[in-house]
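Asks: Mind looking over this structure? Questions follow.
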2 protein chains.
Amino acid sequence: MKLEKALTLLEAVVPSRHVDPLLTYVGMEAKEDKLSLFGSDGTLDLELVLDYPVAGEGRYLVPRAPFFQLVKGMEDPFLALEGRELKAASGALKAEIRLAEWPERPRGRIPREGESWRSREVEPAVLAELFSKVLYAVSREDYRGVFRGVQLEWREDGLRAVASDGYRLAMAWTGEGPLEKAVVLQASSVALLVRVLRSLEAERALLSVEEAGKALALEVEEEGFSLKVGVSPMEGTYPDYERVVPKEFVLEAVLEAPSLVRALKRALVLAYRDNRRVDLLFEGDKVRLFTEGEYGKGEEELPAKVTGTLPPVAFNGQYLLEALEAVEGEARLRLSGQTTPALLEDLGARYRAVVVPLRT
Amino acid sequence: MKLEKALTLLEAVVPSRHVDPLLTYVGMEAKEDKLSLFGSDGTLDLELVLDYPVAGEGRYLVPRAPFFQLVKGMEDPFLALEGRELKAASGALKAEIRLAEWPERPRGRIPREGESWRSREVEPAVLAELFSKVLYAVSREDYRGVFRGVQLEWREDGLRAVASDGYRLAMAWTGEGPLEKAVVLQASSVALLVRVLRSLEAERALLSVEEAGKALALEVEEEGFSLKVGVSPMEGTYPDYERVVPKEFVLEAVLEAPSLVRALKRALVLAYRDNRRVDLLFEGDKVRLFTEGEYGKGEEELPAKVTGTLPPVAFNGQYLLEALEAVEGEARLRLSGQTTPALLEDLGARYRAVVVPLRT
């Protein structure tokens, strides 16, 4: 079971194709009843060490397909390293897999003794949620630099994840306090990290950042099983995003986020494809949605607790929807004006997002 | 609910893109509390008539996106035809969808009065199974003519579906007896027909073939709901496939099809990609699988009741696997020689397949 779990984790990381074909292999080292496995996508390294007996010793690369599609499905396989071959047997099934040399290469992304790291304990599920709540807001455009990443902030009382594409901003946090350190992680590394974090059963992990901000690491120790992840942060500095968070508001509405998400999905069927425009009119005890596009037009209303007045505000419905999807229950939407940024807050969790209305 | 069901059926048929853009619309006709809906992919027509009140009368085309993504999700919507617009309202949601003209076009695929059809009652689930069991064996190559279709045979005591790509052959049937009539249906029409048949709740349907073999039709009548499907068969005649079914055998093996399917999947991980070769050696109470490829080699054995002897036989493992997947329980594999066709039979259902060993 430990081997299967290790291979499942590695399968999430090791790419099936890559410009560097070595990355499509799994590193394997057998020594004194310890089996070490290593995989990387080039930005994130994963190293697993498990108590698993292997006949013979050595250090090789195993091609991903037979390892993940064949050995992973074997029940407690007998493993042996013999003359550049990995022998795997389980029940009536025997396989001999040809191995490749494992060239020595620097693995700076995984912490080594003697380096200076700042560490803190985290719950894997909580860290996964921080990242996954904001990941939608990163930019998909190649030229957007750090906006293609998620900033992870080390704060006095906890962590904060921030993402933005310049038009919208999302943040989720476990605690506040002064900023101590920050690294920007590529969206693809973050997505991988979330997959790894969600596969973990451990309730505690050690999250570390290298003092110069050159690497982020995650370590988990379990009985007979240890895991290390190392991630290379992106170059560049994240802008001061706090200044775009509006502070003064003319209207506030409290509503059920999932209901508004469903209504926005319906509205988006009819909305123009280019700007996905949906107009929101807040009045009394409801919010009304108006939309129009190639197919025709639509209108819907939902209950909302509204304070303040404002003429209809036009949003990119898709952007508003994505910001709302991170909220499970009640949300508070606060508007600063018809064309100035709006602030969305989760009333039950530490998450907020800034969405800018369309300039109509 | 009836409307939602009708739209779900149409959604399976109406393509989202097509060289003929009219096919991406749903035909709609409202008249005297009857709502008729029509959709086609160009080879298969679906016509549904339901008791559903619509304010106003008319005959229009509705674009697929708002119909399937918006109206389908509405609970018992109020529908009205008003000045080239379909108004749909449910709860707090109102939509106005622009309509297009419905040009008159021949709809020869759906039976009309005065034509000569040969009909028989079928169970939709049984007909879906006949088709889905053989569909894997059709050719994907453009130039293979009728081999790109499934032959549906009208026999004295039932129906038979046959598919082949020239290298393998599959057939499933409900009854035998002399051949009365046959039509070859395009694989894409068959796949659509299977989706429609599987969505039906009715236990009985009327299957008809036009006397000259120019169309196949399926009709279902339920309280307040009727469905008609018309399919254009392919041109061309299916070859006499019976002559490739082997009649004399030197070896017979009875085994659990799902176990062999799983073992073949494992073997295929290691097999060469070009011919997917897996060697089968039958002896005593087992079958042994041998495979070799770029990654290395593998071996596995399974229990089997074997009669007769033969040296190892090489198969395209993928072909053998696909033929076996149609069998739920015990299968009998009968070999006529090392390089001559083998016959696979389901011992619990009316299905058989011919698979030819690789020429090694």
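Labels for the structure tokens follow display order: chains A, B, ..., residues from 1 in each chain, ligands from 1.
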Can you list, as a ChimeraX atom specification, every protein, DNA or RNA residue that comes within 7 Å of stretch 153-170 of chain B when you count only C-alpha atoms, leaving out same-chain residues fewer than 4 positions away?

Replies: /B:130-131,134-135,137-139,147,149,174-183,352-356

Asks: Would you mind exporting N, CA, C and O atoms of the selected residues as an mmCIF file, in the first residue's frame?

Replies:
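The file below, again-v9.cif, is the result:
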```cif
data_model
loop_
_atom_site.group_PDB
_atom_site.id
_atom_site.type_symbol
_atom_site.label_atom_id
_atom_site.label_comp_id
_atom_site.auth_asym_id
_atom_site.auth_seq_id
_atom_site.Cartn_x
_atom_site.Cartn_y
_atom_site.Cartn_z
ATOM 1 N N LEU B 130 -27.090 -4.911 -28.557
ATOM 2 C CA LEU B 130 -26.651 -5.525 -29.823
ATOM 3 C C LEU B 130 -25.619 -4.627 -30.493
ATOM 4 O O LEU B 130 -24.542 -5.068 -30.889
ATOM 5 N N PHE B 131 -25.989 -3.362 -30.633
ATOM 6 C CA PHE B 131 -25.104 -2.421 -31.325
ATOM 7 C C PHE B 131 -23.808 -2.200 -30.546
ATOM 8 O O PHE B 131 -22.721 -2.208 -31.115
ATOM 9 N N VAL B 134 -20.837 -4.748 -30.740
ATOM 10 C CA VAL B 134 -20.042 -4.970 -31.962
ATOM 11 C C VAL B 134 -19.352 -3.707 -32.468
ATOM 12 O O VAL B 134 -18.480 -3.767 -33.329
ATOM 13 N N LEU B 135 -19.751 -2.553 -31.910
ATOM 14 C CA LEU B 135 -19.288 -1.272 -32.451
ATOM 15 C C LEU B 135 -17.760 -1.151 -32.471
ATOM 16 O O LEU B 135 -17.194 -0.489 -33.347
ATOM 17 N N ALA B 137 -15.615 -3.128 -33.435
ATOM 18 C CA ALA B 137 -14.938 -3.814 -34.546
ATOM 19 C C ALA B 137 -15.020 -3.069 -35.876
ATOM 20 O O ALA B 137 -14.402 -3.501 -36.847
ATOM 21 N N VAL B 138 -15.752 -1.938 -35.932
ATOM 22 C CA VAL B 138 -15.844 -1.227 -37.218
ATOM 23 C C VAL B 138 -14.504 -0.569 -37.548
ATOM 24 O O VAL B 138 -13.712 -0.264 -36.658
ATOM 25 N N SER B 139 -14.279 -0.341 -38.824
ATOM 26 C CA SER B 139 -13.041 0.296 -39.259
ATOM 27 C C SER B 139 -13.102 1.801 -39.031
ATOM 28 O O SER B 139 -14.149 2.423 -39.186
ATOM 29 N N PHE B 147 -17.199 -1.182 -44.279
ATOM 30 C CA PHE B 147 -16.561 -1.614 -43.028
ATOM 31 C C PHE B 147 -16.578 -0.508 -41.978
ATOM 32 O O PHE B 147 -16.253 -0.749 -40.810
ATOM 33 N N GLY B 149 -19.271 0.795 -41.141
ATOM 34 C CA GLY B 149 -20.627 0.737 -40.599
ATOM 35 C C GLY B 149 -20.913 -0.566 -39.876
ATOM 36 O O GLY B 149 -20.094 -1.474 -39.840
ATOM 37 N N THR B 174 -30.284 -11.464 -31.491
ATOM 38 C CA THR B 174 -31.393 -11.820 -30.598
ATOM 39 C C THR B 174 -32.060 -13.090 -31.086
ATOM 40 O O THR B 174 -32.800 -13.713 -30.349
ATOM 41 N N GLY B 175 -31.854 -13.427 -32.336
ATOM 42 C CA GLY B 175 -32.461 -14.643 -32.868
ATOM 43 C C GLY B 175 -31.818 -14.983 -34.196
ATOM 44 O O GLY B 175 -31.151 -14.145 -34.808
ATOM 45 N N GLU B 176 -32.010 -16.229 -34.620
ATOM 46 C CA GLU B 176 -31.379 -16.675 -35.875
ATOM 47 C C GLU B 176 -32.424 -16.748 -36.980
ATOM 48 O O GLU B 176 -33.357 -15.970 -36.999
ATOM 49 N N GLY B 177 -32.257 -17.672 -37.858
ATOM 50 C CA GLY B 177 -33.222 -17.848 -38.951
ATOM 51 C C GLY B 177 -32.720 -17.156 -40.196
ATOM 52 O O GLY B 177 -31.757 -16.394 -40.158
ATOM 53 N N PRO B 178 -33.370 -17.433 -41.332
ATOM 54 C CA PRO B 178 -32.901 -16.903 -42.620
ATOM 55 C C PRO B 178 -32.917 -15.371 -42.654
ATOM 56 O O PRO B 178 -33.766 -14.729 -42.029
ATOM 57 N N LEU B 179 -31.979 -14.816 -43.403
ATOM 58 C CA LEU B 179 -31.867 -13.365 -43.560
ATOM 59 C C LEU B 179 -33.006 -12.832 -44.421
ATOM 60 O O LEU B 179 -33.265 -13.341 -45.505
ATOM 61 N N GLU B 180 -33.694 -11.816 -43.912
ATOM 62 C CA GLU B 180 -34.799 -11.232 -44.682
ATOM 63 C C GLU B 180 -34.397 -9.912 -45.324
ATOM 64 O O GLU B 180 -34.799 -9.595 -46.434
ATOM 65 N N LYS B 181 -33.616 -9.127 -44.607
ATOM 66 C CA LYS B 181 -33.267 -7.794 -45.075
ATOM 67 C C LYS B 181 -32.095 -7.302 -44.247
ATOM 68 O O LYS B 181 -31.928 -7.714 -43.099
ATOM 69 N N ALA B 182 -31.268 -6.460 -44.821
ATOM 70 C CA ALA B 182 -30.123 -5.933 -44.075
ATOM 71 C C ALA B 182 -29.856 -4.492 -44.490
ATOM 72 O O ALA B 182 -30.027 -4.131 -45.650
ATOM 73 N N VAL B 183 -29.473 -3.677 -43.497
ATOM 74 C CA VAL B 183 -29.030 -2.315 -43.797
ATOM 75 C C VAL B 183 -27.710 -2.084 -43.067
ATOM 76 O O VAL B 183 -27.502 -2.627 -41.980
ATOM 77 N N ARG B 352 -20.440 -13.423 -30.660
ATOM 78 C CA ARG B 352 -19.189 -14.080 -31.000
ATOM 79 C C ARG B 352 -18.316 -13.160 -31.836
ATOM 80 O O ARG B 352 -18.803 -12.218 -32.470
ATOM 81 N N ALA B 353 -17.025 -13.453 -31.805
ATOM 82 C CA ALA B 353 -16.071 -12.595 -32.504
ATOM 83 C C ALA B 353 -14.999 -13.467 -33.136
ATOM 84 O O ALA B 353 -14.639 -14.517 -32.607
ATOM 85 N N VAL B 354 -14.503 -12.999 -34.278
ATOM 86 C CA VAL B 354 -13.395 -13.675 -34.940
ATOM 87 C C VAL B 354 -12.171 -12.773 -34.814
ATOM 88 O O VAL B 354 -12.252 -11.579 -35.110
ATOM 89 N N VAL B 355 -11.072 -13.328 -34.333
ATOM 90 C CA VAL B 355 -9.830 -12.562 -34.214
ATOM 91 C C VAL B 355 -8.739 -13.357 -34.917
ATOM 92 O O VAL B 355 -8.600 -14.560 -34.694
ATOM 93 N N VAL B 356 -7.978 -12.673 -35.764
ATOM 94 C CA VAL B 356 -6.939 -13.368 -36.529
ATOM 95 C C VAL B 356 -5.587 -13.167 -35.834
ATOM 96 O O VAL B 356 -5.236 -12.033 -35.503
#
```

Asks: Kindly determine which residues of chain A lie within 10 Å of chain B, considering only C-alpha atoms, and give the answer as number ranges by chain.

Replies: A: 62-71, 73-74, 85-99, 263, 265-270, 288-302

Asks: Generate the output file for the selected residues, N, CA and C atoms, as a tab-separated table (two decimals), in the first residue's frame.

Replies:
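Now in selection28.tsv:
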```tsv
chain	number	residue	atom	x	y	z
A	62	VAL	N	13.61	4.73	-13.90
A	62	VAL	CA	12.62	3.77	-14.40
A	62	VAL	C	11.66	4.52	-15.31
A	63	PRO	N	11.36	4.01	-16.51
A	63	PRO	CA	10.40	4.71	-17.38
A	63	PRO	C	9.01	4.76	-16.73
A	64	ARG	N	8.31	5.87	-16.90
A	64	ARG	CA	7.08	6.08	-16.14
A	64	ARG	C	5.96	5.08	-16.47
A	65	ALA	N	5.78	4.74	-17.77
A	65	ALA	CA	4.62	3.93	-18.14
A	65	ALA	C	4.56	2.59	-17.39
A	66	PRO	N	5.60	1.73	-17.46
A	66	PRO	CA	5.47	0.45	-16.75
A	66	PRO	C	5.42	0.61	-15.23
A	67	PHE	N	6.05	1.65	-14.71
A	67	PHE	CA	6.04	1.86	-13.26
A	67	PHE	C	4.63	2.21	-12.78
A	68	PHE	N	4.00	3.17	-13.46
A	68	PHE	CA	2.68	3.63	-13.02
A	68	PHE	C	1.55	2.71	-13.48
A	69	GLN	N	1.67	2.14	-14.67
A	69	GLN	CA	0.55	1.35	-15.21
A	69	GLN	C	0.63	-0.11	-14.80
A	70	LEU	N	1.81	-0.56	-14.41
A	70	LEU	CA	1.96	-1.99	-14.14
A	70	LEU	C	2.31	-2.23	-12.67
A	71	VAL	N	3.44	-1.67	-12.21
A	71	VAL	CA	3.90	-1.94	-10.84
A	71	VAL	C	2.92	-1.34	-9.83
A	73	GLY	N	-0.22	-1.18	-9.90
A	73	GLY	CA	-1.39	-2.04	-9.71
A	73	GLY	C	-1.07	-3.37	-9.04
A	74	MET	N	0.21	-3.67	-8.83
A	74	MET	CA	0.58	-4.96	-8.23
A	74	MET	C	0.40	-4.92	-6.72
A	85	GLU	N	18.16	-4.18	-14.65
A	85	GLU	CA	16.74	-4.48	-14.81
A	85	GLU	C	16.05	-4.42	-13.46
A	86	LEU	N	14.82	-3.90	-13.48
A	86	LEU	CA	13.99	-3.97	-12.28
A	86	LEU	C	13.06	-5.16	-12.48
A	87	LYS	N	13.15	-6.14	-11.58
A	87	LYS	CA	12.24	-7.26	-11.65
A	87	LYS	C	11.12	-7.00	-10.66
A	88	ALA	N	9.89	-7.15	-11.12
A	88	ALA	CA	8.73	-6.95	-10.26
A	88	ALA	C	7.82	-8.15	-10.43
A	89	ALA	N	7.38	-8.73	-9.33
A	89	ALA	CA	6.52	-9.91	-9.42
A	89	ALA	C	5.46	-9.84	-8.35
A	90	SER	N	4.27	-10.27	-8.71
A	90	SER	CA	3.15	-10.29	-7.77
A	90	SER	C	2.16	-11.32	-8.29
A	91	GLY	N	1.79	-12.28	-7.45
A	91	GLY	CA	0.88	-13.33	-7.90
A	91	GLY	C	1.46	-14.04	-9.11
A	92	ALA	N	0.66	-14.20	-10.16
A	92	ALA	CA	1.10	-14.93	-11.34
A	92	ALA	C	1.76	-14.02	-12.38
A	93	LEU	N	2.02	-12.76	-11.99
A	93	LEU	CA	2.55	-11.78	-12.93
A	93	LEU	C	4.01	-11.47	-12.64
A	94	LYS	N	4.84	-11.56	-13.69
A	94	LYS	CA	6.26	-11.23	-13.56
A	94	LYS	C	6.62	-10.24	-14.64
A	95	ALA	N	7.37	-9.19	-14.28
A	95	ALA	CA	7.80	-8.23	-15.30
A	95	ALA	C	9.27	-7.90	-15.09
A	96	GLU	N	9.97	-7.66	-16.19
A	96	GLU	CA	11.36	-7.20	-16.14
A	96	GLU	C	11.44	-5.89	-16.89
A	97	ILE	N	11.76	-4.83	-16.18
A	97	ILE	CA	11.74	-3.49	-16.79
A	97	ILE	C	13.17	-2.99	-16.95
A	98	ARG	N	13.53	-2.60	-18.18
A	98	ARG	CA	14.88	-2.09	-18.42
A	98	ARG	C	15.07	-0.72	-17.75
A	99	LEU	N	16.23	-0.51	-17.16
A	99	LEU	CA	16.49	0.73	-16.43
A	99	LEU	C	17.48	1.60	-17.19
A	263	ALA	N	-27.30	31.46	-10.91
A	263	ALA	CA	-27.98	32.46	-11.74
A	263	ALA	C	-27.01	33.04	-12.77
A	265	LYS	N	-24.48	31.49	-14.10
A	265	LYS	CA	-24.28	30.48	-15.15
A	265	LYS	C	-25.40	30.56	-16.18
A	266	ARG	N	-26.64	30.72	-15.71
A	266	ARG	CA	-27.76	30.84	-16.64
A	266	ARG	C	-27.63	32.12	-17.46
A	267	ALA	N	-27.27	33.21	-16.80
A	267	ALA	CA	-27.14	34.49	-17.50
A	267	ALA	C	-26.06	34.41	-18.57
A	268	LEU	N	-24.97	33.70	-18.26
A	268	LEU	CA	-23.83	33.63	-19.19
A	268	LEU	C	-24.17	32.88	-20.48
A	269	VAL	N	-25.19	32.02	-20.43
A	269	VAL	CA	-25.62	31.33	-21.66
A	269	VAL	C	-26.05	32.37	-22.69
A	270	LEU	N	-26.70	33.43	-22.21
A	270	LEU	CA	-27.25	34.44	-23.12
A	270	LEU	C	-26.31	35.62	-23.34
A	288	ARG	N	-31.14	41.95	-9.01
A	288	ARG	CA	-31.67	41.53	-10.31
A	288	ARG	C	-30.52	41.45	-11.31
A	289	LEU	N	-30.53	40.38	-12.10
A	289	LEU	CA	-29.51	40.17	-13.12
A	289	LEU	C	-30.13	40.39	-14.49
A	290	PHE	N	-29.48	41.17	-15.33
A	290	PHE	CA	-29.94	41.40	-16.70
A	290	PHE	C	-28.83	41.00	-17.65
A	291	THR	N	-29.22	40.36	-18.73
A	291	THR	CA	-28.20	39.99	-19.71
A	291	THR	C	-28.78	40.03	-21.10
A	292	GLU	N	-27.91	40.17	-22.09
A	292	GLU	CA	-28.35	40.27	-23.48
A	292	GLU	C	-27.20	39.81	-24.37
A	293	GLY	N	-27.54	39.14	-25.47
A	293	GLY	CA	-26.48	38.68	-26.37
A	293	GLY	C	-27.04	38.24	-27.70
A	294	GLU	N	-26.24	37.49	-28.46
A	294	GLU	CA	-26.64	37.04	-29.79
A	294	GLU	C	-27.96	36.27	-29.77
A	295	TYR	N	-28.19	35.48	-28.73
A	295	TYR	CA	-29.36	34.60	-28.71
A	295	TYR	C	-30.63	35.29	-28.24
A	296	GLY	N	-30.48	36.42	-27.54
A	296	GLY	CA	-31.65	37.08	-26.98
A	296	GLY	C	-31.30	37.70	-25.65
A	297	LYS	N	-32.28	37.79	-24.74
A	297	LYS	CA	-31.97	38.39	-23.46
A	297	LYS	C	-32.60	37.64	-22.29
A	298	GLY	N	-32.14	37.90	-21.10
A	298	GLY	CA	-32.64	37.21	-19.93
A	298	GLY	C	-32.65	38.09	-18.71
A	299	GLU	N	-33.40	37.66	-17.71
A	299	GLU	CA	-33.55	38.43	-16.49
A	299	GLU	C	-33.84	37.47	-15.36
A	300	GLU	N	-33.25	37.70	-14.21
A	300	GLU	CA	-33.53	36.84	-13.06
A	300	GLU	C	-33.34	37.66	-11.79
A	301	GLU	N	-34.02	37.27	-10.73
A	301	GLU	CA	-33.78	37.97	-9.47
A	301	GLU	C	-33.58	37.00	-8.33
A	302	LEU	N	-32.82	37.44	-7.34
A	302	LEU	CA	-32.46	36.61	-6.20
A	302	LEU	C	-32.60	37.43	-4.93
```

Asks: Hey, what does DSSP flag as helix (DSSP H, G or I) within stretch 44-276 of chain B? Can you give it to me as a PyMOL selection string?

Replies: chain B and resi 64-71+124-137+142-148+187-199+241-244+257-270

Asks: In terms of the shortest atom-to-atom distance over only C-alpha atoms, which of B:Leu335, B:Arg118, B:Glu47, B:Gly39 is closest to B:Glu221?

Replies: B:Glu47

Asks: When you draw a straight line from atom CA of A:Ala125 to atom CA of A:Gly213, how long is it in Å?

Replies: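 Computed distance, atom CA of A:Ala125 to atom CA of A:Gly213, equals 23.6 Å.
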
Asks: One number please: atom CA of A:Gln151 to atom CA of A:Val13, in Å, one decimal.

Replies: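 Interatomic distance, atom CA of A:Gln151 to atom CA of A:Val13: 20.9 Å.
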
Asks: Could you give me, as a VMD selection string, each residue of stretch 65-144 of chain B that DSSP assigns to strand (DSSP E or B) when run on this structure's backbone?

Replies: chain B and resid 78 to 82 85 to 90 93 to 98 100 to 101 117 to 122

Asks: Please, what distance in Å, to one decimal, runs between atom CA of A:Thr340 and atom CA of A:Pro239?

Replies: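 Atom-to-atom, atom CA of A:Thr340 to atom CA of A:Pro239, that is 19.4 Å.
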
Asks: Do a neighbour search on stretch 202-212 of chain A at 10 Å with only C-alpha atoms, toss out local chain neighbours closer than 6 positions, and write the hits as a list in words.

Replies: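 Result of the neighbour search: Arg109, Pro111, Glu115, Ser116, Trp117, Arg118, Ser119, Arg120, Glu121, Val122, Glu123, Pro124, Ala125, Val126, Leu127, Trp154, Lys181, Ala182, Val183, Leu218, Glu219, Val220, Glu221, Glu222, Leu227, Lys228, Val229, Gly230 and Val231 of chain A.
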